[in-house]
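One structure is given below, encoded as structure tokens.
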Amino acid sequence: MSLGFVIGESKPTFVTAMTSRALSVGEYIKINSDEGEILGLVERSSISSAAFADVKNFDEASESTEIAEINKRDKTFTAHIGILGFLENLRKGQSMIPAIPPIPGTKITPPTKQDLEEIFSPKKDGWVSIGNLLRNKSIDAKVNLDKIVSRHLGILAMTGMGKSNLVSLVTKQISKLKGTVIIFDYHNDYTGLNIPRINVIDAKINPRLLDADQLAEVLEIRDGANVQQRVLRMAFTKHVKESKEFWSKLENEVDFIVNSEDKKLKEIRTSAYRIQDIIEESQRRFEDILDPDMGDPISFIKEGRTNILNISELSEKQANVAVAFYLQQLLKDRKDASIARHGKTKKERKFQFNSPLFVIIEEAHVFIPKDHDTSAKYWAAKIAREGRKFGLGLGIVSQRPRSVDLNVLSQMGSFAIMKIIQEDDQRQIASATESTSRELIAQLASLNVGDAVLVGQWTNLPSLVHVEEVKEKVMGADQSAVDAWAKADKMKEIAVESTQGLIQKDLLLD
């Protein structure tokens, strides 16, 4: 069945077609060239009408409606198509763009179901379904899990468009394979994820394992308080870290500075007093967060499970320190495991994980910001560069791509991009995903909830998909204020009725 013909100037990567009907953005077509069958993706679609071309007022519009109904040739359907490669090569997972553009007049036809299944639903190990093609609902959309661990993954979308659902789905699929996932849960979105082999951890910080600058952040010593930070560095000695009574020993070290008669120490006495107050206040405020007796936090992560690290109780600075610490230790562990596996050292090395890890950072714009450096950003960037060599994959999730560091974002080998309206966000995405055309980026504003553009190495070709809903996910959806108000009002009525009943009972007893 012919859909139309190539018209105008064609290029090896792009053609324009005149079609018999309006083609949907995201629809796949086949171009029957002399060199072989070529697969293309509709990136932009338009409809024009000769009858309405020069309409200037309502009466003319009304008359043009009648003319358009009579004239079967009135409507013109135009499709702008990105060329993806020869179909034969795409079936093998290879993309080969034609050297000679399709000749104008070349016929366009729809691909067969088998054509699409071979490309988008490979029956190979490591490929798992996450939904279906948006314009071909009978075709499963599969992704390659190996590629997100070895080459990393970015999930970008506005709030409420399905990011956490996709994270849950990817996690669920990895869980079926008994893989290890670690999610830094900043808004407590995943602690209610009801899937097998889940391990929820309320993240705490062991201050013994930090350096002085990290401890200053955790204690929330304000930025620019250089003398206070200097006092803490002086007090936070090796003996403090190794002491059984961590806080008492730290306080004693600060007391020494406060009571010292040394001329240089006298100059910083006022700041030392303030550090005393901060340490005392922190023990009270952060009693459930700072635990010098908890041991190594990494030991709470279980291999072969989905580990939800709940960091929602931490402040932004504390969460940053915690994420940085975990990333640093996880990278070190995977390096040690790799070195031991390849026998490159005679020293005995201890490591916890024997298989690859996939780490997901929610709210990536908080931990990997574009406009300033953080310790979490440093280690995330290091994993983005080196993690693939040691079996440590990184997933970053954000509703503000424009605020995520581009150096890290551009190292994500695969992307799922959902509805994005802000032009700044679209430009950042275009910079990070060079293989994504501007035409496709422009369609992001028109996507619905759960729809996504998949690009990169985890899929054979750029594709528009509808992501399957994860029924086991009970958190993260928009809360209904109307329902909550109604329930609250109902509870007030019940409380009033109960109170009145008790009063009447008391009166009767009297």
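Quick note on naming: the chains in the structure tokens go A, B, ... in the order shown, residues restart at 1 in each chain, and ligands are numbered from 1 in order of appearance.
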
List the spatial neighbours of Ser398 (chain A) as a list of chain:residue names - criterion: any atom at most 6 Å away, only C-alpha atoms, same-chain residues fewer than 6 positions off excluded.
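Skipping anything fewer than 6 positions along the chain leaves A:Leu156, A:Glu363, A:Ala364.
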
Run DSSP on the backbone of this structure and report the residues of region 338-414 of chain A it assigns to strand (DSSP E), as a ChimeraX atom specification.
/A:357-361,392-398,414

Okay, now the selection with N, CA and C atoms, as an mmCIF file, in the first residue's frame?
```
data_model
loop_
_atom_site.group_PDB
_atom_site.id
_atom_site.type_symbol
_atom_site.label_atom_id
_atom_site.label_comp_id
_atom_site.auth_asym_id
_atom_site.auth_seq_id
_atom_site.Cartn_x
_atom_site.Cartn_y
_atom_site.Cartn_z
ATOM 1 N N LEU A 357 26.518 -2.759 39.312
ATOM 2 C CA LEU A 357 25.549 -1.963 40.064
ATOM 3 C C LEU A 357 24.965 -0.886 39.159
ATOM 4 N N PHE A 358 23.706 -0.551 39.396
ATOM 5 C CA PHE A 358 23.093 0.575 38.687
ATOM 6 C C PHE A 358 22.580 1.560 39.723
ATOM 7 N N VAL A 359 23.143 2.767 39.713
ATOM 8 C CA VAL A 359 22.825 3.800 40.700
ATOM 9 C C VAL A 359 21.967 4.877 40.038
ATOM 10 N N ILE A 360 20.859 5.231 40.689
ATOM 11 C CA ILE A 360 19.950 6.236 40.149
ATOM 12 C C ILE A 360 19.892 7.434 41.096
ATOM 13 N N ILE A 361 20.156 8.621 40.557
ATOM 14 C CA ILE A 361 20.104 9.850 41.349
ATOM 15 C C ILE A 361 18.864 10.639 40.942
ATOM 16 N N LEU A 392 29.724 -0.086 36.886
ATOM 17 C CA LEU A 392 28.940 0.826 37.723
ATOM 18 C C LEU A 392 28.200 1.798 36.809
ATOM 19 N N GLY A 393 26.905 1.567 36.645
ATOM 20 C CA GLY A 393 26.092 2.413 35.778
ATOM 21 C C GLY A 393 25.441 3.536 36.551
ATOM 22 N N LEU A 394 25.204 4.650 35.874
ATOM 23 C CA LEU A 394 24.629 5.839 36.505
ATOM 24 C C LEU A 394 23.356 6.250 35.778
ATOM 25 N N GLY A 395 22.296 6.458 36.534
ATOM 26 C CA GLY A 395 21.065 7.006 35.978
ATOM 27 C C GLY A 395 20.766 8.328 36.655
ATOM 28 N N ILE A 396 20.513 9.373 35.868
ATOM 29 C CA ILE A 396 20.172 10.668 36.460
ATOM 30 C C ILE A 396 18.769 11.063 36.004
ATOM 31 N N VAL A 397 17.990 11.575 36.953
ATOM 32 C CA VAL A 397 16.580 11.883 36.727
ATOM 33 C C VAL A 397 16.333 13.335 37.126
ATOM 34 N N SER A 398 15.698 14.099 36.248
ATOM 35 C CA SER A 398 15.468 15.512 36.572
ATOM 36 C C SER A 398 14.303 16.086 35.788
ATOM 37 N N SER A 414 22.247 6.913 26.952
ATOM 38 C CA SER A 414 20.857 6.699 26.560
ATOM 39 C C SER A 414 19.964 7.693 27.281
#
```

Please list as an MDAnalysis selection string every residue within 7 Å of Ser338 (chain A), counting only C-alpha atoms and excluding residues in the same chain fewer than 4 positions away.
chainID A and resid 334 342 390

Polymer residues at most 6 Å from region 424-429 of chain A, only C-alpha atoms, same-chain spacing of 2 or more positions, as a list of chain:residue names:
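Listing them by chain and then by number gives A:Pro401, A:Arg402, A:Gln422, A:Ser431, A:Ala432, A:Thr433.
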
Output file for the selection above: C-alpha atoms, as an mmCIF file, in the first residue's frame:
```cif
data_model
loop_
_atom_site.group_PDB
_atom_site.id
_atom_site.type_symbol
_atom_site.label_atom_id
_atom_site.label_comp_id
_atom_site.auth_asym_id
_atom_site.auth_seq_id
_atom_site.Cartn_x
_atom_site.Cartn_y
_atom_site.Cartn_z
ATOM 1 C CA PRO A 401 17.513 19.578 32.496
ATOM 2 C CA ARG A 402 18.673 23.171 32.028
ATOM 3 C CA GLN A 422 10.646 25.120 28.537
ATOM 4 C CA SER A 431 23.155 19.835 23.398
ATOM 5 C CA ALA A 432 23.375 16.613 25.410
ATOM 6 C CA THR A 433 21.826 14.369 22.722
#
```

Any idea what the distance is between CA of Ile421 (chain A) and CA of Gln443 (chain A)?
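It comes out at 9.4 Å.
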
With only C-alpha atoms as the counted atoms, please give the residues lying no more than 12 Å from Ala225 (chain A), apart from itself and same-chain residues fewer than 6 positions off, as a list in words.
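With the cut-off at 12 Å, the set is Asp213, Ala216, Glu217, Val231, Leu232, Ile268, Ser271, Ala272, Arg274 and Ile275 of chain A.
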
Check region 105-255 of chain A with DSSP on the backbone and list each residue it calls helix (DSSP H, G or I), as a ChimeraX atom specification.
/A:113-120,145-151,163-176,207-209,212-218,226-235,238-242,246-255

Residues within 9 Å of Arg385 (chain A), only C-alpha atoms, excluding chain neighbours under 5 positions, as a VMD selection string:
chain A and resid 380 408 411

Those same residues - C-alpha atoms - I'd like them written as a compact mmCIF listing (two decimals), in the first residue's frame.
```txt
# COMPACT_ATOMS: atom_id res chain seq x y z
CA ALA A 380 28.87 11.55 39.69
CA VAL A 408 27.68 14.91 33.11
CA GLN A 411 27.95 11.43 29.04
```

Could you check how far CA of Arg91 (chain A) sits from CA of Lys142 (chain A), in Å to one decimal?
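Value for the CA of Arg91 (chain A)-CA of Lys142 (chain A) distance: 14.0 Å.
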
Give me the residues within 10 Å of Leu461 (chain A) as a PyMOL selection string, counting only C-alpha atoms and dropping any in the same chain fewer than 3 places off.
chain A and resi 41+84-85+90+93-95+119-120+454-458+464
